[in-house]
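Have a look at query15.cif; it's mmCIF, N, CA and C atoms:
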data_entry
loop_
_atom_site.label_atom_id
_atom_site.label_comp_id
_atom_site.auth_asym_id
_atom_site.auth_seq_id
_atom_site.Cartn_x
_atom_site.Cartn_y
_atom_site.Cartn_z
N MET A 1472 -13.47 -5.58 51.43
CA MET A 1472 -12.11 -5.10 51.30
C MET A 1472 -11.85 -4.72 49.84
N ALA A 1473 -11.18 -3.59 49.66
CA ALA A 1473 -10.88 -3.09 48.32
C ALA A 1473 -9.64 -3.78 47.76
N ALA A 1474 -9.72 -4.12 46.49
CA ALA A 1474 -8.58 -4.73 45.80
C ALA A 1474 -8.10 -3.77 44.72
N CYS A 1475 -6.87 -3.94 44.31
CA CYS A 1475 -6.34 -3.09 43.26
C CYS A 1475 -6.96 -3.49 41.92
N SER A 1476 -7.56 -2.51 41.28
CA SER A 1476 -8.16 -2.72 39.97
C SER A 1476 -7.34 -1.94 38.95
N THR A 1477 -7.07 -2.56 37.81
CA THR A 1477 -6.31 -1.90 36.76
C THR A 1477 -7.10 -1.94 35.47
N PHE A 1478 -7.14 -0.80 34.80
CA PHE A 1478 -7.82 -0.65 33.52
C PHE A 1478 -6.76 -0.19 32.51
N GLU A 1479 -6.73 -0.81 31.34
CA GLU A 1479 -5.67 -0.52 30.37
C GLU A 1479 -6.26 -0.17 29.01
N SER A 1480 -5.67 0.82 28.36
CA SER A 1480 -6.09 1.21 27.02
C SER A 1480 -5.45 0.30 25.98
N ARG A 1481 -5.90 0.41 24.77
CA ARG A 1481 -5.20 -0.21 23.66
C ARG A 1481 -3.92 0.58 23.41
N LYS A 1482 -3.02 0.04 22.60
CA LYS A 1482 -1.80 0.76 22.27
C LYS A 1482 -2.13 1.85 21.25
N GLY A 1483 -1.79 3.09 21.59
CA GLY A 1483 -1.98 4.20 20.67
C GLY A 1483 -0.72 4.44 19.87
N LYS A 1484 -0.88 4.67 18.59
CA LYS A 1484 0.25 4.93 17.69
C LYS A 1484 0.23 6.42 17.36
N LEU A 1485 1.21 7.16 17.90
CA LEU A 1485 1.21 8.62 17.81
C LEU A 1485 2.06 9.11 16.64
N THR A 1486 1.88 10.38 16.31
CA THR A 1486 2.61 11.00 15.20
C THR A 1486 3.87 11.72 15.68
N CYS A 1487 4.22 11.55 16.95
CA CYS A 1487 5.38 12.25 17.52
C CYS A 1487 6.42 11.23 17.99
N THR A 1488 7.58 11.75 18.39
CA THR A 1488 8.63 10.89 18.93
C THR A 1488 8.39 10.68 20.43
N SER A 1489 9.12 9.76 21.01
CA SER A 1489 9.04 9.51 22.45
C SER A 1489 9.43 10.76 23.22
N SER A 1490 10.43 11.47 22.75
CA SER A 1490 10.88 12.70 23.40
C SER A 1490 9.79 13.77 23.38
N GLU A 1491 9.11 13.92 22.25
CA GLU A 1491 8.07 14.94 22.14
C GLU A 1491 6.89 14.65 23.06
N ILE A 1492 6.42 13.39 23.12
CA ILE A 1492 5.30 13.07 24.00
C ILE A 1492 5.70 13.24 25.46
N PHE A 1493 6.91 12.81 25.81
CA PHE A 1493 7.36 12.93 27.19
C PHE A 1493 7.41 14.40 27.61
N ASP A 1494 8.02 15.24 26.79
CA ASP A 1494 8.09 16.68 27.11
C ASP A 1494 6.70 17.30 27.21
N PHE A 1495 5.80 16.87 26.34
CA PHE A 1495 4.45 17.43 26.30
C PHE A 1495 3.65 17.06 27.55
N VAL A 1496 3.63 15.78 27.91
CA VAL A 1496 2.76 15.34 29.01
C VAL A 1496 3.33 15.59 30.40
N THR A 1497 4.62 15.89 30.51
CA THR A 1497 5.17 16.20 31.83
C THR A 1497 4.84 17.64 32.24
N ASP A 1498 4.09 18.34 31.42
CA ASP A 1498 3.48 19.61 31.80
C ASP A 1498 1.97 19.35 31.78
N ILE A 1499 1.39 19.18 32.95
CA ILE A 1499 -0.03 18.80 33.06
C ILE A 1499 -0.93 19.78 32.32
N ARG A 1500 -0.52 21.03 32.17
CA ARG A 1500 -1.35 22.00 31.46
C ARG A 1500 -1.66 21.54 30.04
N ASN A 1501 -0.81 20.71 29.46
CA ASN A 1501 -1.03 20.22 28.09
C ASN A 1501 -2.07 19.11 28.01
N LEU A 1502 -2.33 18.42 29.11
CA LEU A 1502 -3.23 17.27 29.06
C LEU A 1502 -4.67 17.64 28.74
N LYS A 1503 -5.05 18.90 28.95
CA LYS A 1503 -6.42 19.29 28.64
C LYS A 1503 -6.73 19.11 27.15
N GLN A 1504 -5.70 19.02 26.31
CA GLN A 1504 -5.88 18.76 24.88
C GLN A 1504 -6.58 17.43 24.63
N PHE A 1505 -6.45 16.49 25.56
CA PHE A 1505 -6.95 15.13 25.34
C PHE A 1505 -8.21 14.80 26.14
N ILE A 1506 -8.74 15.77 26.86
CA ILE A 1506 -9.96 15.53 27.63
C ILE A 1506 -11.15 15.84 26.73
N PRO A 1507 -11.99 14.87 26.47
CA PRO A 1507 -13.14 15.09 25.59
C PRO A 1507 -14.02 16.24 26.09
N GLU A 1508 -14.58 17.00 25.17
CA GLU A 1508 -15.37 18.18 25.52
C GLU A 1508 -16.56 17.87 26.41
N ASN A 1509 -17.21 16.76 26.21
CA ASN A 1509 -18.41 16.44 26.98
C ASN A 1509 -18.11 15.49 28.14
N ALA A 1510 -16.91 15.64 28.75
CA ALA A 1510 -16.51 14.75 29.85
C ALA A 1510 -17.10 15.17 31.19
N GLY A 1511 -17.84 16.27 31.24
CA GLY A 1511 -18.47 16.71 32.49
C GLY A 1511 -17.48 17.28 33.48
N ILE A 1512 -16.42 17.93 32.99
CA ILE A 1512 -15.38 18.48 33.86
C ILE A 1512 -15.57 19.99 33.99
N SER A 1513 -15.47 20.48 35.24
CA SER A 1513 -15.58 21.92 35.49
C SER A 1513 -14.63 22.30 36.63
N ALA A 1514 -14.61 23.57 36.96
CA ALA A 1514 -13.80 24.11 38.06
C ALA A 1514 -12.35 23.63 37.96
N MET A 1515 -11.78 23.74 36.76
CA MET A 1515 -10.44 23.24 36.53
C MET A 1515 -9.40 24.26 36.97
N ASN A 1516 -8.44 23.82 37.79
CA ASN A 1516 -7.30 24.62 38.21
C ASN A 1516 -6.06 23.83 37.83
N VAL A 1517 -5.27 24.34 36.87
CA VAL A 1517 -4.17 23.56 36.31
C VAL A 1517 -2.85 24.32 36.47
N GLU A 1518 -1.85 23.62 36.98
CA GLU A 1518 -0.49 24.13 37.06
C GLU A 1518 0.41 23.14 36.33
N LYS A 1519 1.72 23.43 36.28
CA LYS A 1519 2.63 22.60 35.49
C LYS A 1519 2.67 21.14 35.97
N GLU A 1520 2.71 20.90 37.29
CA GLU A 1520 2.85 19.53 37.79
C GLU A 1520 1.65 19.03 38.59
N SER A 1521 0.56 19.80 38.63
CA SER A 1521 -0.62 19.35 39.36
C SER A 1521 -1.87 20.04 38.81
N CYS A 1522 -3.01 19.44 39.11
CA CYS A 1522 -4.28 20.06 38.73
C CYS A 1522 -5.39 19.53 39.63
N SER A 1523 -6.47 20.27 39.66
CA SER A 1523 -7.68 19.82 40.34
C SER A 1523 -8.87 20.22 39.47
N PHE A 1524 -9.92 19.42 39.53
CA PHE A 1524 -11.11 19.70 38.75
C PHE A 1524 -12.27 18.92 39.33
N ARG A 1525 -13.47 19.32 38.96
CA ARG A 1525 -14.69 18.66 39.40
C ARG A 1525 -15.24 17.85 38.24
N ILE A 1526 -15.56 16.57 38.52
CA ILE A 1526 -16.22 15.71 37.53
C ILE A 1526 -17.67 15.58 37.96
N GLU A 1527 -18.54 15.88 37.02
CA GLU A 1527 -19.96 15.79 37.26
C GLU A 1527 -20.32 14.44 37.86
N SER A 1528 -21.03 14.44 38.94
CA SER A 1528 -21.52 13.26 39.67
C SER A 1528 -20.45 12.49 40.44
N LEU A 1529 -19.18 12.89 40.34
CA LEU A 1529 -18.13 12.22 41.11
C LEU A 1529 -17.49 13.13 42.15
N GLY A 1530 -17.40 14.41 41.89
CA GLY A 1530 -16.79 15.34 42.83
C GLY A 1530 -15.41 15.80 42.40
N MET A 1531 -14.67 16.32 43.38
CA MET A 1531 -13.35 16.90 43.11
C MET A 1531 -12.30 15.82 42.91
N VAL A 1532 -11.42 16.07 41.95
CA VAL A 1532 -10.29 15.19 41.65
C VAL A 1532 -9.03 16.04 41.74
N ASN A 1533 -8.02 15.54 42.42
CA ASN A 1533 -6.72 16.20 42.51
C ASN A 1533 -5.68 15.27 41.90
N VAL A 1534 -4.83 15.81 41.02
CA VAL A 1534 -3.84 15.00 40.31
C VAL A 1534 -2.49 15.70 40.34
N HIS A 1535 -1.43 14.92 40.49
CA HIS A 1535 -0.07 15.47 40.40
C HIS A 1535 0.86 14.43 39.75
N ILE A 1536 1.94 14.93 39.18
CA ILE A 1536 2.94 14.02 38.61
C ILE A 1536 3.73 13.42 39.76
N SER A 1537 3.80 12.10 39.82
CA SER A 1537 4.51 11.44 40.92
C SER A 1537 5.78 10.74 40.48
N GLU A 1538 5.89 10.47 39.18
CA GLU A 1538 7.07 9.75 38.70
C GLU A 1538 7.30 10.07 37.23
N LYS A 1539 8.56 10.29 36.88
CA LYS A 1539 8.93 10.53 35.48
C LYS A 1539 10.16 9.68 35.18
N GLU A 1540 10.07 8.88 34.16
CA GLU A 1540 11.21 8.12 33.66
C GLU A 1540 11.40 8.57 32.22
N PRO A 1541 12.39 9.47 31.98
CA PRO A 1541 12.52 10.12 30.68
C PRO A 1541 12.37 9.16 29.49
N LEU A 1542 11.48 9.57 28.60
CA LEU A 1542 11.17 8.91 27.34
C LEU A 1542 10.46 7.57 27.47
N ASN A 1543 10.19 7.10 28.70
CA ASN A 1543 9.57 5.79 28.89
C ASN A 1543 8.26 5.78 29.67
N LYS A 1544 8.15 6.63 30.69
CA LYS A 1544 6.99 6.50 31.57
C LYS A 1544 6.73 7.81 32.31
N VAL A 1545 5.44 8.13 32.49
CA VAL A 1545 5.01 9.23 33.35
C VAL A 1545 3.86 8.68 34.18
N VAL A 1546 3.92 8.91 35.50
CA VAL A 1546 2.85 8.44 36.39
C VAL A 1546 2.23 9.66 37.07
N PHE A 1547 0.91 9.73 36.98
CA PHE A 1547 0.13 10.77 37.64
C PHE A 1547 -0.63 10.10 38.77
N ASN A 1548 -0.53 10.63 39.98
CA ASN A 1548 -1.31 10.11 41.11
C ASN A 1548 -2.39 11.10 41.45
N GLY A 1549 -3.50 10.59 41.99
CA GLY A 1549 -4.58 11.48 42.34
C GLY A 1549 -5.49 10.91 43.39
N THR A 1550 -6.43 11.76 43.81
CA THR A 1550 -7.45 11.36 44.77
C THR A 1550 -8.82 11.70 44.20
N LEU A 1551 -9.77 10.86 44.50
CA LEU A 1551 -11.16 11.03 44.10
C LEU A 1551 -12.01 10.64 45.29
N PHE A 1552 -13.11 11.28 45.47
CA PHE A 1552 -13.99 11.04 46.63
C PHE A 1552 -13.25 11.36 47.93
N GLN A 1553 -12.22 12.15 47.88
CA GLN A 1553 -11.40 12.54 49.03
C GLN A 1553 -10.83 11.35 49.78
N ALA A 1554 -10.85 10.17 49.18
CA ALA A 1554 -10.32 9.00 49.87
C ALA A 1554 -9.67 8.02 48.91
N ASN A 1555 -10.26 7.83 47.75
CA ASN A 1555 -9.75 6.82 46.82
C ASN A 1555 -8.54 7.35 46.05
N ASP A 1556 -7.41 6.73 46.29
CA ASP A 1556 -6.22 7.07 45.53
C ASP A 1556 -6.23 6.29 44.23
N PHE A 1557 -5.74 6.92 43.18
CA PHE A 1557 -5.63 6.25 41.89
C PHE A 1557 -4.36 6.74 41.21
N SER A 1558 -3.96 6.00 40.19
CA SER A 1558 -2.83 6.45 39.38
C SER A 1558 -3.19 6.27 37.91
N LEU A 1559 -2.63 7.15 37.10
CA LEU A 1559 -2.71 7.06 35.65
C LEU A 1559 -1.28 6.96 35.17
N ARG A 1560 -0.96 5.82 34.59
CA ARG A 1560 0.40 5.57 34.11
C ARG A 1560 0.40 5.60 32.59
N MET A 1561 1.37 6.32 32.05
CA MET A 1561 1.54 6.40 30.60
C MET A 1561 2.86 5.72 30.26
N ASP A 1562 2.77 4.56 29.60
CA ASP A 1562 3.96 3.86 29.15
C ASP A 1562 4.23 4.27 27.71
N ILE A 1563 5.46 4.73 27.47
CA ILE A 1563 5.86 5.24 26.16
C ILE A 1563 6.94 4.33 25.59
N ASN A 1564 6.77 3.92 24.34
CA ASN A 1564 7.77 3.12 23.64
C ASN A 1564 7.97 3.70 22.25
N GLU A 1565 9.19 3.63 21.77
CA GLU A 1565 9.45 4.08 20.41
C GLU A 1565 9.32 2.89 19.47
N ASN A 1566 8.55 3.07 18.40
CA ASN A 1566 8.37 1.98 17.45
C ASN A 1566 9.47 2.05 16.38
N PRO A 1567 9.58 1.04 15.52
CA PRO A 1567 10.65 1.00 14.51
C PRO A 1567 10.67 2.20 13.57
N ALA A 1568 9.53 2.89 13.41
CA ALA A 1568 9.47 4.06 12.54
C ALA A 1568 9.98 5.33 13.24
N GLY A 1569 10.38 5.19 14.52
CA GLY A 1569 10.88 6.34 15.26
C GLY A 1569 9.78 7.17 15.90
N LYS A 1570 8.55 6.69 15.87
CA LYS A 1570 7.42 7.39 16.49
C LYS A 1570 7.06 6.71 17.81
N ALA A 1571 6.24 7.38 18.61
CA ALA A 1571 5.89 6.86 19.93
C ALA A 1571 4.62 6.02 19.90
N ASP A 1572 4.65 4.93 20.65
CA ASP A 1572 3.47 4.14 20.97
C ASP A 1572 3.19 4.36 22.45
N VAL A 1573 1.92 4.49 22.82
CA VAL A 1573 1.56 4.79 24.21
C VAL A 1573 0.46 3.86 24.67
N VAL A 1574 0.57 3.41 25.93
CA VAL A 1574 -0.48 2.65 26.60
C VAL A 1574 -0.79 3.37 27.90
N LEU A 1575 -2.07 3.59 28.18
CA LEU A 1575 -2.51 4.23 29.42
C LEU A 1575 -3.06 3.18 30.36
N LYS A 1576 -2.71 3.31 31.66
CA LYS A 1576 -3.21 2.37 32.66
C LYS A 1576 -3.70 3.16 33.87
N VAL A 1577 -4.91 2.87 34.30
CA VAL A 1577 -5.46 3.45 35.53
C VAL A 1577 -5.52 2.34 36.56
N SER A 1578 -4.97 2.62 37.74
CA SER A 1578 -5.03 1.67 38.85
C SER A 1578 -5.64 2.35 40.06
N ALA A 1579 -6.50 1.62 40.78
CA ALA A 1579 -7.14 2.17 41.97
C ALA A 1579 -7.58 1.05 42.89
N GLU A 1580 -7.62 1.36 44.16
CA GLU A 1580 -8.16 0.43 45.16
C GLU A 1580 -9.67 0.59 45.15
N LEU A 1581 -10.38 -0.42 44.65
CA LEU A 1581 -11.83 -0.33 44.53
C LEU A 1581 -12.50 -1.57 45.10
N ASN A 1582 -13.60 -1.36 45.81
CA ASN A 1582 -14.38 -2.51 46.24
C ASN A 1582 -15.13 -3.03 45.01
N PRO A 1583 -15.63 -4.27 45.07
CA PRO A 1583 -16.26 -4.87 43.88
C PRO A 1583 -17.43 -4.06 43.31
N LEU A 1584 -18.24 -3.44 44.15
CA LEU A 1584 -19.37 -2.66 43.66
C LEU A 1584 -18.89 -1.41 42.92
N LEU A 1585 -17.93 -0.70 43.51
CA LEU A 1585 -17.40 0.49 42.86
C LEU A 1585 -16.69 0.14 41.56
N ARG A 1586 -15.96 -0.98 41.56
CA ARG A 1586 -15.29 -1.41 40.33
C ARG A 1586 -16.32 -1.64 39.22
N MET A 1587 -17.41 -2.28 39.56
CA MET A 1587 -18.45 -2.55 38.58
C MET A 1587 -19.05 -1.24 38.06
N MET A 1588 -19.21 -0.26 38.93
CA MET A 1588 -19.80 1.02 38.54
C MET A 1588 -18.87 1.84 37.65
N VAL A 1589 -17.55 1.82 37.90
CA VAL A 1589 -16.64 2.70 37.17
C VAL A 1589 -15.94 2.03 35.99
N SER A 1590 -16.01 0.72 35.89
CA SER A 1590 -15.28 0.00 34.85
C SER A 1590 -15.59 0.52 33.44
N GLY A 1591 -16.85 0.60 33.09
CA GLY A 1591 -17.24 1.07 31.76
C GLY A 1591 -16.80 2.51 31.50
N PRO A 1592 -17.13 3.44 32.40
CA PRO A 1592 -16.71 4.83 32.17
C PRO A 1592 -15.18 5.01 32.10
N VAL A 1593 -14.43 4.27 32.91
CA VAL A 1593 -12.97 4.41 32.87
C VAL A 1593 -12.43 3.86 31.55
N GLN A 1594 -12.89 2.70 31.12
CA GLN A 1594 -12.44 2.13 29.84
C GLN A 1594 -12.80 3.07 28.69
N ASN A 1595 -13.99 3.65 28.73
CA ASN A 1595 -14.42 4.58 27.70
C ASN A 1595 -13.53 5.82 27.70
N PHE A 1596 -13.22 6.36 28.87
CA PHE A 1596 -12.35 7.53 28.99
C PHE A 1596 -10.96 7.23 28.40
N LEU A 1597 -10.39 6.07 28.74
CA LEU A 1597 -9.07 5.71 28.22
C LEU A 1597 -9.10 5.58 26.70
N ALA A 1598 -10.14 4.96 26.17
CA ALA A 1598 -10.26 4.80 24.71
C ALA A 1598 -10.36 6.15 24.02
N ARG A 1599 -11.16 7.05 24.58
CA ARG A 1599 -11.32 8.37 23.98
C ARG A 1599 -10.03 9.18 24.09
N MET A 1600 -9.31 9.03 25.19
CA MET A 1600 -8.05 9.76 25.36
C MET A 1600 -7.01 9.29 24.34
N ILE A 1601 -6.90 7.97 24.13
CA ILE A 1601 -5.97 7.44 23.12
C ILE A 1601 -6.38 7.92 21.73
N ASP A 1602 -7.68 7.92 21.43
CA ASP A 1602 -8.14 8.42 20.12
C ASP A 1602 -7.71 9.87 19.92
N GLU A 1603 -7.89 10.70 20.94
CA GLU A 1603 -7.51 12.11 20.85
C GLU A 1603 -6.00 12.27 20.67
N MET A 1604 -5.23 11.46 21.37
CA MET A 1604 -3.77 11.53 21.26
C MET A 1604 -3.31 11.14 19.85
N GLU A 1605 -3.96 10.14 19.26
CA GLU A 1605 -3.58 9.71 17.91
C GLU A 1605 -3.90 10.78 16.86
N LYS A 1606 -4.95 11.56 17.07
CA LYS A 1606 -5.33 12.61 16.12
C LYS A 1606 -4.52 13.88 16.30
N PHE A 1607 -3.92 14.06 17.46
CA PHE A 1607 -3.25 15.31 17.81
C PHE A 1607 -1.98 15.52 16.99
N ASP A 1608 -1.74 16.78 16.60
CA ASP A 1608 -0.53 17.06 15.84
C ASP A 1608 0.28 18.24 16.39
N GLY A 1609 -0.03 18.70 17.58
CA GLY A 1609 0.65 19.87 18.14
C GLY A 1609 1.66 19.54 19.23
N TRP A 1610 2.35 18.44 19.09
CA TRP A 1610 3.28 17.97 20.14
C TRP A 1610 4.39 18.96 20.47
N ASN A 1611 4.75 19.79 19.53
CA ASN A 1611 5.84 20.73 19.79
C ASN A 1611 5.34 22.05 20.38
N ARG A 1612 4.04 22.17 20.62
CA ARG A 1612 3.48 23.39 21.21
C ARG A 1612 3.20 23.14 22.69
N VAL A 1613 4.18 23.39 23.53
CA VAL A 1613 4.06 23.16 24.97
C VAL A 1613 3.43 24.39 25.61
N SER A 1614 2.53 24.18 26.59
CA SER A 1614 1.86 25.28 27.30
C SER A 1614 2.85 26.15 28.04
N GLU A 1615 2.50 27.39 28.16
CA GLU A 1615 3.31 28.33 28.97
C GLU A 1615 2.45 28.90 30.06
#
Using the file provided, produce a representation of the structure as C-alpha cells.
Amino acid sequence: MAACSTFESRKGKLTCTSSEIFDFVTDIRNLKQFIPENAGISAMNVEKESCSFRIESLGMVNVHISEKEPLNKVVFNGTLFQANDFSLRMDINENPAGKADVVLKVSAELNPLLRMMVSGPVQNFLARMIDEMEKFDGWNRVSE
C-alpha cells in the first residue's frame, strides 16, 4: 500500500518581495527559469496555468496550478507514470527585510520501493531549484 511521502527543500532566501514571487510563479511559463539545464526534460508544452513535459527515464508529466493563496502559497498538482499524483507546494513568507523566503514541498503517494528510488533525485531537484531561485534576479520579467 502506498503512503504519502513528503520531500522538503531548505528555506530559500530570495531577492524579491512576496508579491513579486507570487506573480512570477503563478504563470507556469516562468518556472522554466528554475529547471536545471541537464534535468533530462524534453517535449515541453507550457501554458499559463498548466504544462506537460517528458522526463528522461520517467515518462510524461502533466502539471497544473491547483491552488493560489495570494502572497503565501501556490500549489501545483500533477501526474507521473499516468497514475501517480503528486503536488509541488511553494510556501512564501516575507522576512523582516521585506524580501521573500520560500520552501518547496513535494508530496506523492509512493510505495516503499518507489520512495526509495525517487527520494535522492527529488531532494536533489528541490535543492537545485532553490539554488536557482536564490540566484535569479528577473522577478519583474513575467512571460507573455
Practice problem: Would you kindly return, as a ChimeraX atom specification, each protein, DNA or RNA residue with an atom no farther than 8 Å from any atom of Arg1560 (chain A), considering only N, CA and C atoms and excluding same-chain residues fewer than 5 positions away? | Solution: /A:1544-1548,1574-1578
Exercise. Expand the PyMOL selection byres ((chain A and resi 1505) around 6.5) into the individual residues it matches in the shown file, reporting them as an MDAnalysis selection string.
Key: chainID A and resid 1501:1504 1506:1507 1599:1600 1603:1604
Produce a file of the selected residues containing N, CA and C atoms, as a PDB file, keeping the file's coordinate frame.
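Once written, out-v8.pdb looks like this:
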ATOM      1  N   ASN A1501      -0.810  20.710  29.460  1.00  0.00           N
ATOM      2  CA  ASN A1501      -1.030  20.220  28.090  1.00  0.00           C
ATOM      3  C   ASN A1501      -2.070  19.110  28.010  1.00  0.00           C
ATOM      4  N   LEU A1502      -2.330  18.420  29.110  1.00  0.00           N
ATOM      5  CA  LEU A1502      -3.230  17.270  29.060  1.00  0.00           C
ATOM      6  C   LEU A1502      -4.670  17.640  28.740  1.00  0.00           C
ATOM      7  N   LYS A1503      -5.050  18.900  28.950  1.00  0.00           N
ATOM      8  CA  LYS A1503      -6.420  19.290  28.640  1.00  0.00           C
ATOM      9  C   LYS A1503      -6.730  19.110  27.150  1.00  0.00           C
ATOM     10  N   GLN A1504      -5.700  19.020  26.310  1.00  0.00           N
ATOM     11  CA  GLN A1504      -5.880  18.760  24.880  1.00  0.00           C
ATOM     12  C   GLN A1504      -6.580  17.430  24.630  1.00  0.00           C
ATOM     13  N   ILE A1506      -8.740  15.770  26.860  1.00  0.00           N
ATOM     14  CA  ILE A1506      -9.960  15.530  27.630  1.00  0.00           C
ATOM     15  C   ILE A1506     -11.150  15.840  26.730  1.00  0.00           C
ATOM     16  N   PRO A1507     -11.990  14.870  26.470  1.00  0.00           N
ATOM     17  CA  PRO A1507     -13.140  15.090  25.590  1.00  0.00           C
ATOM     18  C   PRO A1507     -14.020  16.240  26.090  1.00  0.00           C
ATOM     19  N   ARG A1599     -11.160   7.050  24.580  1.00  0.00           N
ATOM     20  CA  ARG A1599     -11.320   8.370  23.980  1.00  0.00           C
ATOM     21  C   ARG A1599     -10.030   9.180  24.090  1.00  0.00           C
ATOM     22  N   MET A1600      -9.310   9.030  25.190  1.00  0.00           N
ATOM     23  CA  MET A1600      -8.050   9.760  25.360  1.00  0.00           C
ATOM     24  C   MET A1600      -7.010   9.290  24.340  1.00  0.00           C
ATOM     25  N   GLU A1603      -7.890  10.700  20.940  1.00  0.00           N
ATOM     26  CA  GLU A1603      -7.510  12.110  20.850  1.00  0.00           C
ATOM     27  C   GLU A1603      -6.000  12.270  20.670  1.00  0.00           C
ATOM     28  N   MET A1604      -5.230  11.460  21.370  1.00  0.00           N
ATOM     29  CA  MET A1604      -3.770  11.530  21.260  1.00  0.00           C
ATOM     30  C   MET A1604      -3.310  11.140  19.850  1.00  0.00           C
TER      31      MET A1604
END
Write out as a PDB file with N, CA and C atoms, in the frame of the given file each polymer residue whose atoms come within 6.5 Å of region 1493-1496 of chain A, counting all atoms listed in the file; drop sequence neighbours fewer than 3 positions from it.
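The result, written out as part_38.pdb:
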ATOM      1  N   THR A1488       7.580  11.750  18.390  1.00  0.00           N
ATOM      2  CA  THR A1488       8.630  10.890  18.930  1.00  0.00           C
ATOM      3  C   THR A1488       8.390  10.680  20.430  1.00  0.00           C
ATOM      4  N   SER A1489       9.120   9.760  21.010  1.00  0.00           N
ATOM      5  CA  SER A1489       9.040   9.510  22.450  1.00  0.00           C
ATOM      6  C   SER A1489       9.430  10.760  23.220  1.00  0.00           C
ATOM      7  N   SER A1490      10.430  11.470  22.750  1.00  0.00           N
ATOM      8  CA  SER A1490      10.880  12.700  23.400  1.00  0.00           C
ATOM      9  C   SER A1490       9.790  13.770  23.380  1.00  0.00           C
ATOM     10  N   ILE A1499       1.390  19.180  32.950  1.00  0.00           N
ATOM     11  CA  ILE A1499      -0.030  18.800  33.060  1.00  0.00           C
ATOM     12  C   ILE A1499      -0.930  19.780  32.320  1.00  0.00           C
ATOM     13  N   ASN A1501      -0.810  20.710  29.460  1.00  0.00           N
ATOM     14  CA  ASN A1501      -1.030  20.220  28.090  1.00  0.00           C
ATOM     15  C   ASN A1501      -2.070  19.110  28.010  1.00  0.00           C
ATOM     16  N   LEU A1502      -2.330  18.420  29.110  1.00  0.00           N
ATOM     17  CA  LEU A1502      -3.230  17.270  29.060  1.00  0.00           C
ATOM     18  C   LEU A1502      -4.670  17.640  28.740  1.00  0.00           C
ATOM     19  N   LEU A1542      11.480   9.570  28.600  1.00  0.00           N
ATOM     20  CA  LEU A1542      11.170   8.910  27.340  1.00  0.00           C
ATOM     21  C   LEU A1542      10.460   7.570  27.470  1.00  0.00           C
ATOM     22  N   TRP A1610       2.350  18.440  19.090  1.00  0.00           N
ATOM     23  CA  TRP A1610       3.280  17.970  20.140  1.00  0.00           C
ATOM     24  C   TRP A1610       4.390  18.960  20.470  1.00  0.00           C
ATOM     25  N   VAL A1613       4.180  23.390  23.530  1.00  0.00           N
ATOM     26  CA  VAL A1613       4.060  23.160  24.970  1.00  0.00           C
ATOM     27  C   VAL A1613       3.430  24.390  25.610  1.00  0.00           C
TER      28      VAL A1613
END
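Here the question is which of A:Glu1580, A:Glu1479, A:Glu1508, A:Asp1498 gets nearest to Ala1598 (chain A) using all atoms listed in the file, and that residue is A:Glu1479.
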Practice problem: Give me the result of the PyMOL selection byres ((chain A and resi 1521) around 6) on this file, residue by residue, as a list in words. | Solution: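 Checking the PyMOL selection byres ((chain A and resi 1521) around 6) against this file, the residues are Ile1499, Asn1516, Val1517, Glu1518, Lys1519, Glu1520, Cys1522, Ser1523, Val1534, His1535 and Ile1536 of chain A.
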Quiz item: Which residue out of A:Arg1586, A:Ile1526, A:Cys1487, A:Asn1595 has the minimum interatomic distance to Ala1510 (chain A) when only N, CA and C atoms are used?
Solution: A:Ile1526
